[in-house]
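Have a look at start-v1.cif below; it lists mmCIF, C-alpha atoms.
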data_run
#
loop_
_atom_site.label_atom_id
_atom_site.label_comp_id
_atom_site.auth_asym_id
_atom_site.auth_seq_id
_atom_site.Cartn_x
_atom_site.Cartn_y
_atom_site.Cartn_z
CA MET A 1 23.24 4.52 -12.23
CA SER A 2 26.82 5.31 -11.23
CA ASN A 3 27.23 7.73 -8.31
CA GLY A 4 23.48 7.62 -7.72
CA PHE A 5 22.56 9.63 -10.85
CA SER A 6 20.06 8.36 -13.35
CA PRO A 7 17.98 10.27 -15.87
CA ARG A 8 14.49 11.03 -14.60
CA ILE A 9 12.24 10.38 -17.57
CA PHE A 10 8.56 10.31 -16.69
CA SER A 11 5.43 10.07 -18.81
CA GLU A 12 2.05 11.64 -18.23
CA ARG A 13 0.64 8.14 -17.67
CA TYR A 14 3.16 7.60 -14.89
CA TYR A 15 2.40 10.94 -13.21
CA ARG A 16 -1.36 10.35 -13.35
CA ALA A 17 -1.04 6.81 -11.97
CA LEU A 18 1.38 7.93 -9.25
CA GLY A 19 -0.82 10.85 -8.20
CA LYS A 20 -3.92 8.66 -7.94
CA PHE A 21 -2.02 6.04 -5.94
CA ILE A 22 -0.62 8.58 -3.47
CA ALA A 23 -4.01 10.31 -3.09
CA GLU A 24 -5.74 6.98 -2.47
CA PHE A 25 -3.06 6.01 0.08
CA ALA A 26 -3.73 9.26 1.94
CA GLU A 27 -7.40 8.29 2.04
CA ILE A 28 -6.65 4.88 3.57
CA GLU A 29 -4.39 6.56 6.16
CA GLY A 30 -7.32 8.71 7.25
CA LEU A 31 -9.73 5.78 7.23
CA MET A 32 -7.40 3.66 9.37
CA LEU A 33 -7.14 6.48 11.88
CA SER A 34 -10.94 6.73 11.96
CA ALA A 35 -11.09 2.96 12.51
CA LEU A 36 -8.73 3.31 15.45
CA TRP A 37 -10.92 6.05 16.95
CA HIS A 38 -13.96 3.83 16.38
CA PHE A 39 -12.48 0.84 18.21
CA THR A 40 -11.02 2.88 21.07
CA LYS A 41 -14.44 4.52 21.41
CA VAL A 42 -13.01 8.03 21.64
CA SER A 43 -14.56 11.17 20.20
CA THR A 44 -12.94 12.85 17.22
CA PRO A 45 -11.43 15.71 19.28
CA VAL A 46 -9.92 13.23 21.76
CA GLY A 47 -8.76 10.99 18.92
CA LYS A 48 -7.01 13.94 17.30
CA ALA A 49 -5.29 14.79 20.58
CA VAL A 50 -4.24 11.27 21.50
CA PHE A 51 -3.52 9.65 18.13
CA SER A 52 -1.91 12.53 16.26
CA GLY A 53 0.85 11.15 14.05
CA VAL A 54 -0.35 7.54 14.09
CA ARG A 55 0.14 6.08 10.61
CA ALA A 56 -2.02 3.45 8.91
CA GLU A 57 0.11 0.45 9.76
CA ASP A 58 0.49 1.51 13.39
CA ALA A 59 -3.28 2.02 13.62
CA SER A 60 -3.77 -1.46 12.17
CA GLY A 61 -1.44 -2.94 14.79
CA LYS A 62 -3.22 -1.13 17.62
CA ILE A 63 -6.57 -2.43 16.34
CA LYS A 64 -5.12 -5.97 16.36
CA ARG A 65 -4.19 -5.44 20.02
CA ILE A 66 -7.74 -4.23 20.73
CA ALA A 67 -9.04 -7.41 19.04
CA ASP A 68 -6.92 -9.51 21.40
CA ALA A 69 -7.95 -7.47 24.46
CA GLU A 70 -11.65 -7.67 23.58
CA ASN A 71 -11.38 -11.33 22.56
CA TRP A 72 -12.82 -10.90 19.06
CA SER A 73 -13.97 -14.09 17.33
CA GLN A 74 -11.38 -15.85 15.18
CA HIS A 75 -13.47 -15.03 12.10
CA ARG A 76 -13.38 -11.31 12.94
CA LYS A 77 -9.62 -11.47 13.61
CA ASP A 78 -9.10 -13.24 10.26
CA GLU A 79 -11.08 -10.51 8.49
CA TRP A 80 -8.88 -7.87 10.08
CA LYS A 81 -5.74 -9.84 9.13
CA ILE A 82 -6.74 -9.67 5.45
CA ILE A 83 -7.01 -5.89 5.74
CA SER A 84 -3.78 -5.58 7.69
CA ASP A 85 -1.76 -7.88 5.42
CA HIS A 86 -2.71 -6.09 2.22
CA LEU A 87 -2.21 -2.71 3.82
CA THR A 88 1.37 -3.81 4.62
CA ILE A 89 1.97 -4.79 0.99
CA LEU A 90 0.67 -1.46 -0.33
CA ARG A 91 2.51 0.54 2.33
CA SER A 92 5.76 -1.10 1.27
CA LEU A 93 5.16 -0.02 -2.34
CA ARG A 94 4.26 3.49 -1.22
CA ASN A 95 7.34 3.78 1.01
CA ASP A 96 9.67 2.65 -1.77
CA LEU A 97 8.20 5.25 -4.12
CA VAL A 98 8.24 8.08 -1.59
CA HIS A 99 11.56 7.35 0.11
CA TYR A 100 13.69 5.97 -2.75
CA GLY A 101 12.09 7.54 -5.80
CA VAL A 102 12.20 5.82 -9.16
CA TYR A 103 14.74 5.50 -11.94
CA TRP A 104 13.97 5.11 -15.60
CA ASP A 105 14.47 1.65 -17.07
CA SER A 106 12.61 1.61 -20.39
CA VAL A 107 9.46 2.97 -22.00
CA ASP A 108 6.80 3.20 -19.27
CA THR A 109 8.97 1.18 -16.86
CA TRP A 110 10.89 2.50 -13.90
CA TYR A 111 12.30 0.88 -10.81
CA SER A 112 12.67 1.85 -7.21
CA THR A 113 15.69 0.70 -5.24
CA ASN A 114 17.37 1.20 -1.89
CA LYS A 115 20.77 0.50 -3.47
CA ARG A 116 22.20 3.91 -2.51
CA ILE A 117 21.53 3.35 1.19
CA ALA A 118 21.62 -0.44 1.69
CA HIS A 119 24.57 -1.26 3.94
CA LEU A 120 24.89 -4.86 2.69
CA PRO A 121 24.48 -6.19 -0.86
CA GLU A 122 21.90 -8.75 0.31
CA ARG A 123 19.76 -5.89 1.66
CA VAL A 124 19.41 -4.26 -1.77
CA THR A 125 15.84 -4.32 -3.08
CA ILE A 126 14.64 -3.39 -6.53
CA ARG A 127 10.97 -3.01 -7.42
CA GLN A 128 9.63 -2.50 -10.94
CA ILE A 129 7.16 0.37 -11.28
CA THR A 130 4.83 0.89 -14.23
CA PRO A 131 1.59 2.85 -14.65
CA THR A 132 -0.28 -0.48 -14.71
CA ILE A 133 1.28 -1.54 -11.41
CA LEU A 134 0.31 1.81 -9.86
CA ARG A 135 -3.25 1.56 -11.22
CA ASN A 136 -3.59 -1.97 -9.81
CA ALA A 137 -2.32 -0.81 -6.42
CA THR A 138 -4.74 2.14 -6.50
CA ASN A 139 -7.66 -0.19 -7.22
CA ASP A 140 -6.55 -2.38 -4.30
CA LEU A 141 -6.49 0.66 -2.01
CA ARG A 142 -10.08 1.38 -3.06
CA LYS A 143 -11.06 -2.21 -2.30
CA LEU A 144 -9.26 -1.93 1.04
CA SER A 145 -11.26 1.21 1.87
CA VAL A 146 -14.51 -0.66 1.19
CA LEU A 147 -13.31 -3.62 3.29
CA VAL A 148 -12.52 -1.34 6.22
CA PHE A 149 -15.84 0.49 5.87
CA VAL A 150 -17.81 -2.78 5.80
CA PHE A 151 -15.73 -4.13 8.69
CA LEU A 152 -16.66 -1.07 10.75
CA TYR A 153 -20.27 -0.53 9.72
CA GLY A 154 -21.41 -3.65 7.86
CA ASP A 155 -23.75 -4.74 10.63
CA GLN A 156 -25.55 -1.39 10.40
CA MET A 157 -25.87 -1.42 6.59
CA ALA A 158 -28.98 -2.40 4.72
CA VAL A 159 -28.75 -5.75 2.93
CA SER A 160 -29.18 -3.97 -0.42
CA ALA A 161 -26.20 -1.70 0.31
CA ARG A 162 -24.01 -4.67 1.23
CA LYS A 163 -25.07 -6.45 -1.98
CA LYS A 164 -23.92 -3.47 -4.04
CA LEU A 165 -20.48 -3.66 -2.40
CA ARG A 166 -20.17 -7.44 -2.78
CA ARG A 167 -18.76 -7.16 -6.32
CA ILE A 168 -15.88 -5.00 -5.06
CA LEU A 169 -15.26 -7.22 -2.05
CA LYS A 170 -15.13 -10.41 -4.12
CA ARG A 171 -12.72 -8.97 -6.70
CA ALA A 172 -9.24 -10.48 -6.52
CA TRP A 173 -6.35 -8.29 -5.41
CA LEU A 174 -4.83 -6.73 -8.52
CA TYR A 175 -1.46 -5.69 -7.14
CA ILE A 176 0.72 -8.66 -6.35
CA PRO A 177 4.23 -7.69 -5.28
CA PRO A 178 6.73 -9.37 -7.60
CA ALA A 179 9.48 -11.61 -6.31
CA GLN A 180 12.70 -9.70 -5.68
CA GLU A 181 14.05 -8.53 -9.03
CA THR A 182 17.53 -7.53 -7.88
CA SER A 183 19.45 -10.00 -9.99
CA GLN A 184 17.47 -9.35 -13.18
CA LEU A 185 17.73 -5.56 -13.17
CA SER A 186 21.23 -5.44 -11.66
CA GLY A 187 22.46 -7.76 -14.39
CA ARG A 188 20.86 -5.60 -17.08
CA ARG A 189 22.46 -2.46 -15.60
CA ALA A 190 25.88 -4.16 -15.47
CA ASN A 191 25.55 -5.13 -19.15
CA GLN A 192 24.59 -1.55 -20.08
CA LYS A 193 27.71 -0.18 -18.36
CA ARG A 194 29.96 -2.51 -20.37
#
Could you render the structure from this file as structure tokens?
Amino acid sequence: MSNGFSPRIFSERYYRALGKFIAEFAEIEGLMLSALWHFTKVSTPVGKAVFSGVRAEDASGKIKRIADAENWSQHRKDEWKIISDHLTILRSLRNDLVHYGVYWDSVDTWYSTNKRIAHLPERVTIRQITPTILRNATNDLRKLSVLVFVFLYGDQMAVSARKKLRRILKRAWLYIPPAQETSQLSGRRANQKR
């Protein structure tokens, strides 16, 4: 990876998994904006005018502030925290992919790193990316969409409809961000250069 150049070797599995992940992230961005409109009680035209450019994480933060202002129950705040926390995890993965790109490591394994722009060595991050990791993150985005939907409209849903969604809601999160892998991959790269 000297001088920032690395071969870009991608597989069809990677492209499919990446495309689905990015498309699903776009869906959650829209859903979070709709949630913000819902909680601010503005109409869609007003929401478009006032909240244009608000991203998912910012919408989540604004909703948290609404929860404080309206004195939501602790249970309701805890439910929103689950949504917000996992959105942050998935947004971090998405931002690394979109802003840093990926570099080939081995068959069906790439990594994303901020090494070219990190101003201090301790700020360097490296994240492994595989089609399986992207599929897991995509499935978590789908679960997150259901969580948000139920959070917004669960009280208005028929019991039978909520039962059908229970299986998705009870499923464990599939994407767990790995511990920082800087030393492992940096060491491998150093050995390859020798």
Give me the result of the PyMOL selection byres ((chain A and resi 95-97) around 12) on this file, residue by residue, as a ChimeraX atom specification. /A:18-19,21-22,25,57,87-94,98-103,110-115,124-130,134
Which residue of A:Ser60, A:Thr132, A:Thr138, A:Ser106 approaches Trp80 of chain A most closely, using all atoms listed in the file: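 Comparing A:Ser60, A:Thr132, A:Thr138, A:Ser106 against Trp80 of chain A, the winner is A:Ser60.
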Find the residues around Gly30 of chain A up to 8 Å (all atoms listed in the file counted), leave out those fewer than 4 positions away in its own chain, and share them as a PyMOL selection string. chain A and resi 26+34+56
Go ahead and compute the interatomic distance for atom CA of Arg76 of chain A and atom CA of Lys64 of chain A, in Å to one decimal. 10.4 Å
